[in-house]
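Visitor: Quick one: the structure is below, questions incoming.
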Amino acid sequence: MARSRRSPDDAKGPDAAADSQVRLGRRALLTGGAAGIGLGAVLGAGAALGIPVLRPDAESTANAATEEAVRAAGAGGKLPGFGGESLPCHGTHQAGIVTVPAAHSRFVSYRLHPETDAAALKRLFRVLTGDIESLTSGKGPLADPEPELAARPARLTVTVGVGPGLVERVDPAKLPPWLGPLPAFSRDQLEDRFSGGDLLLILQSDDLLPIAHAARMFDRDLRSFADPLWSQQGFRQARGAESDGTTMRNLMGQVDGTVNPSPEEEDFEELLWLGAEAGWLNGGSAFVLRRIRMELDTWDMVDRPGREQSVGRRLADGAPLTGGDERTPVDFEAKDALGFTVIPSAAHIRRAHSVDPSERIVRRAVNYTDGEESGLLFGCYQRDPLRQFVPIQRRLDEADMLNQWITHTGSAVFAILPGFKPGGTIGESLLA
């Protein structure tokens, strides 16, 4: 009878042989279908270091449990046993734009490798689509070493934008006139470490854990195509800390974002969404992100009336100085007993106000703290930043009492891609 061959691991016992098969199976997976996204070295190194790896049967059981939980939850439902909520990622528009703002946001910008051409971008967007579908539904993406960290998405959304450099690699003729750096403003002190980029991911969730895990998975899976350029983290009040619909406060203590277009308004979609005239951007939008540093030490030296005059609103409830509550329209013509206008000529709300109804933006701002620095990550959506954001910012740049205590240090403009359907791919209209 012929003697069967034995591997070195067989001599060490059945457990060692089984471990060897598990490592081989994982390595074969990573160097096969997933080799294009540069994962083999990651998990291969893990096995070499003796990091425990789930056996195939245990891993399948864990994934099946997660998938069953997601199916039971449905769109926007509760994940039994995991305690998180899952929001759908498919639709005409991307998630994370008009959904209820999450407690935490992270903006991550990437710079494409020189060799990442249009063909490589198709692979990039396929990888990105798979990761988004998995992570937002509570599942780890392909070869996720810690899928448990993805099991509680806490309303995780991922919104994808592209910069001018990426569009030009596909077809320069597809570049919208507004997609590029904003015009210079006299008070700007912009830094490269907070500006520009070829690809933007906006991660939002009510919990920092799924954001941190998702960001790590994206960095891992995109490393063959692009390098991280910058990352900025922001926050607002935790969900449940205040009543639904409460306007956030910034770190100056101001109620921030009172006059913001609402989906209930008739012209909301005309302000936000690009239409058929935009070609490949039909269903998309334009996004501007400005990093605004606040000089809180000197702001704290100003008395309360002085701070309220600078803004034009009461700090206590956000109501205009002309009376009423937060939602009361501002009476810019109102005068005090001495004949002076109640809202100063350089008050922030007067400079930001426009009589042109098309000159409005949909705000999605969050606070940030970074070491000893604090401020606002001012994000906004619109159809055309040159027609909507720039006129507002020019007026503020020319004369705004708040300019004594704020400095714009970062700026970026991205085209927000249209949504995608199940079985489709994010960015497919651009690459068609």
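Please note that chains go A, B, ... in the order of the structure tokens, that every chain numbers its residues from 1, and that ligands are numbered from 1 in the order shown.
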Could you pull out the strand (DSSP E or B) residues of stretch 221-380 of chain A, going by DSSP on the backbone, and write them as a PyMOL selection string?
Guide: chain A and resi 226-235+249+255+285-294+313+320+335+341+362-363+366-370+373-380
Visitor: Within 12 Å of stretch 276-282 of chain A, which residues of stretch 103-195 of chain A come that close, and what is the closest atom pair and distance in Å for each? Count only C-alpha atoms and give it as JSON lines.
Guide:
```
{"residue": "A:Gly161", "atom": "CA", "partner": "A:Leu281", "partner_atom": "CA", "distance": 10.9}
{"residue": "A:Val162", "atom": "CA", "partner": "A:Leu281", "partner_atom": "CA", "distance": 10.9}
{"residue": "A:Val167", "atom": "CA", "partner": "A:Trp280", "partner_atom": "CA", "distance": 10.8}
{"residue": "A:Val170", "atom": "CA", "partner": "A:Trp280", "partner_atom": "CA", "distance": 11.8}
{"residue": "A:Asp171", "atom": "CA", "partner": "A:Trp280", "partner_atom": "CA", "distance": 11.4}
{"residue": "A:Ala173", "atom": "CA", "partner": "A:Gly279", "partner_atom": "CA", "distance": 11.4}
{"residue": "A:Lys174", "atom": "CA", "partner": "A:Trp280", "partner_atom": "CA", "distance": 8.0}
{"residue": "A:Leu175", "atom": "CA", "partner": "A:Trp280", "partner_atom": "CA", "distance": 10.1}
{"residue": "A:Pro176", "atom": "CA", "partner": "A:Ala278", "partner_atom": "CA", "distance": 8.2}
{"residue": "A:Pro177", "atom": "CA", "partner": "A:Ala278", "partner_atom": "CA", "distance": 10.9}
{"residue": "A:Trp178", "atom": "CA", "partner": "A:Ala278", "partner_atom": "CA", "distance": 11.8}
{"residue": "A:Leu179", "atom": "CA", "partner": "A:Leu281", "partner_atom": "CA", "distance": 11.7}
```
Visitor: Could you pull the residues within 8 Å of A:Thr409, counting only C-alpha atoms, minus those fewer than 2 positions along the same chain, as a list in words?
Guide: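 After dropping sequence-adjacent residues, the list is Asp188, Gln189, Leu190, Glu191, Phe194, Arg290, Arg291, Ile292, Arg293, Thr407 and Ser411 of chain A.
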Visitor: For A:Ala352, list every protein, DNA or RNA residue within 10 Å, evaluated using only C-alpha atoms, and leave out those in the same chain fewer than 3 positions away; present the list as a PyMOL selection string.
Guide: chain A and resi 346-349+360+391-396+400
Visitor: Dump N, CA and C atoms for the selected residues as a tab-separated table (two decimals), in the first residue's frame?
Guide:
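Writing the result to out_13.tsv gives the following:
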```
chain	number	residue	atom	x	y	z
A	346	ALA	N	-23.10	95.22	10.01
A	346	ALA	CA	-22.11	94.16	9.78
A	346	ALA	C	-22.39	92.91	10.61
A	347	ALA	N	-23.61	92.81	11.17
A	347	ALA	CA	-23.96	91.60	11.91
A	347	ALA	C	-23.95	90.40	10.96
A	348	HIS	N	-23.60	89.26	11.49
A	348	HIS	CA	-23.43	88.07	10.65
A	348	HIS	C	-24.70	87.72	9.87
A	349	ILE	N	-25.86	87.77	10.52
A	349	ILE	CA	-27.07	87.35	9.81
A	349	ILE	C	-27.46	88.35	8.71
A	360	ARG	N	-29.18	80.37	-1.96
A	360	ARG	CA	-29.26	79.65	-0.68
A	360	ARG	C	-28.55	78.31	-0.81
A	391	PRO	N	-21.33	84.04	-3.59
A	391	PRO	CA	-21.84	85.38	-3.26
A	391	PRO	C	-22.03	85.60	-1.77
A	392	ILE	N	-22.49	84.57	-1.06
A	392	ILE	CA	-22.67	84.69	0.39
A	392	ILE	C	-21.32	84.90	1.07
A	393	GLN	N	-20.35	84.07	0.70
A	393	GLN	CA	-19.05	84.15	1.34
A	393	GLN	C	-18.34	85.47	1.02
A	394	ARG	N	-18.56	86.02	-0.16
A	394	ARG	CA	-17.95	87.31	-0.50
A	394	ARG	C	-18.47	88.41	0.42
A	395	ARG	N	-19.77	88.41	0.69
A	395	ARG	CA	-20.32	89.43	1.59
A	395	ARG	C	-19.75	89.27	3.00
A	396	LEU	N	-19.64	88.03	3.45
A	396	LEU	CA	-19.08	87.79	4.77
A	396	LEU	C	-17.61	88.17	4.83
A	400	ASP	N	-18.01	91.31	8.12
A	400	ASP	CA	-18.77	90.48	9.05
A	400	ASP	C	-18.12	90.66	10.41
```
Visitor: Quick one: everything within 8 Å of A:Leu251, counting only C-alpha atoms, minus sequence neighbours fewer than 4 positions away in the same chain. Send it as a ChimeraX atom specification.
Guide: /A:367,374-376
Visitor: If you keep C-alpha atoms, can you produce a file of those selected residues as a PDB file, in the first residue's frame?
Guide:
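Output file selection-v2.pdb follows:
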```pdb
ATOM      1  CA  ASN A 367     -18.037  71.269  15.333  1.00  0.00           C
ATOM      2  CA  SER A 374     -11.573  74.445  17.895  1.00  0.00           C
ATOM      3  CA  GLY A 375     -13.952  75.525  15.204  1.00  0.00           C
ATOM      4  CA  LEU A 376     -16.542  74.569  12.620  1.00  0.00           C
TER       5      LEU A 376
END
```
Visitor: Skip A:Ala95 itself and residues of its chain fewer than 5 positions away, then list as an NGL selection string all residues within 10 Å of it, counting only C-alpha atoms.
Guide: :A and (87-90 or 156-160 or 204 or 418-419)
Visitor: In terms of the shortest atom-to-atom distance over only C-alpha atoms, which of A:Pro101, A:Glu270, A:Leu296, A:Ile416 is closest to A:Ser358?
Guide: A:Glu270
Visitor: So which one's closest to A:Ala154, A:Ala238, A:Leu200, A:Val413, A:Leu272? Using only C-alpha atoms, please.
Guide: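 Residue with the minimum atom-to-atom distance to A:Ala154: A:Ala238.
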Visitor: Would you pick out the contacts of A:Leu315 at 7 Å or less, using only C-alpha atoms, so that residues sharing its chain but fewer than 4 positions from it are not included, and give the list as a PyMOL selection string?
Guide: chain A and resi 253-254+308
Visitor: Mind checking DSSP for stretch 217-265 of chain A and telling me the helix (DSSP H, G or I) residues as a ChimeraX atom specification?
Guide: /A:217-222
Visitor: If you measure from atom CA of A:Thr92 to atom CA of A:Gly424, what distance in Å do you get, rounded to one decimal?
Guide: 11.7 Å
Visitor: Would you please work out which residue, of A:Ala365, A:Ile132, A:Leu271, A:Met248, is nearest to A:Ser105 when using only C-alpha atoms?
Guide: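 Looking at the shortest contact to A:Ser105, the residue is A:Ala365.
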Visitor: Between A:Pro385, A:Gly339, A:Gly245, A:Gly324, single out the one closest to A:Pro183, counting only C-alpha atoms.
Guide: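 Comparing A:Pro385, A:Gly339, A:Gly245, A:Gly324 against A:Pro183, the winner is A:Pro385.
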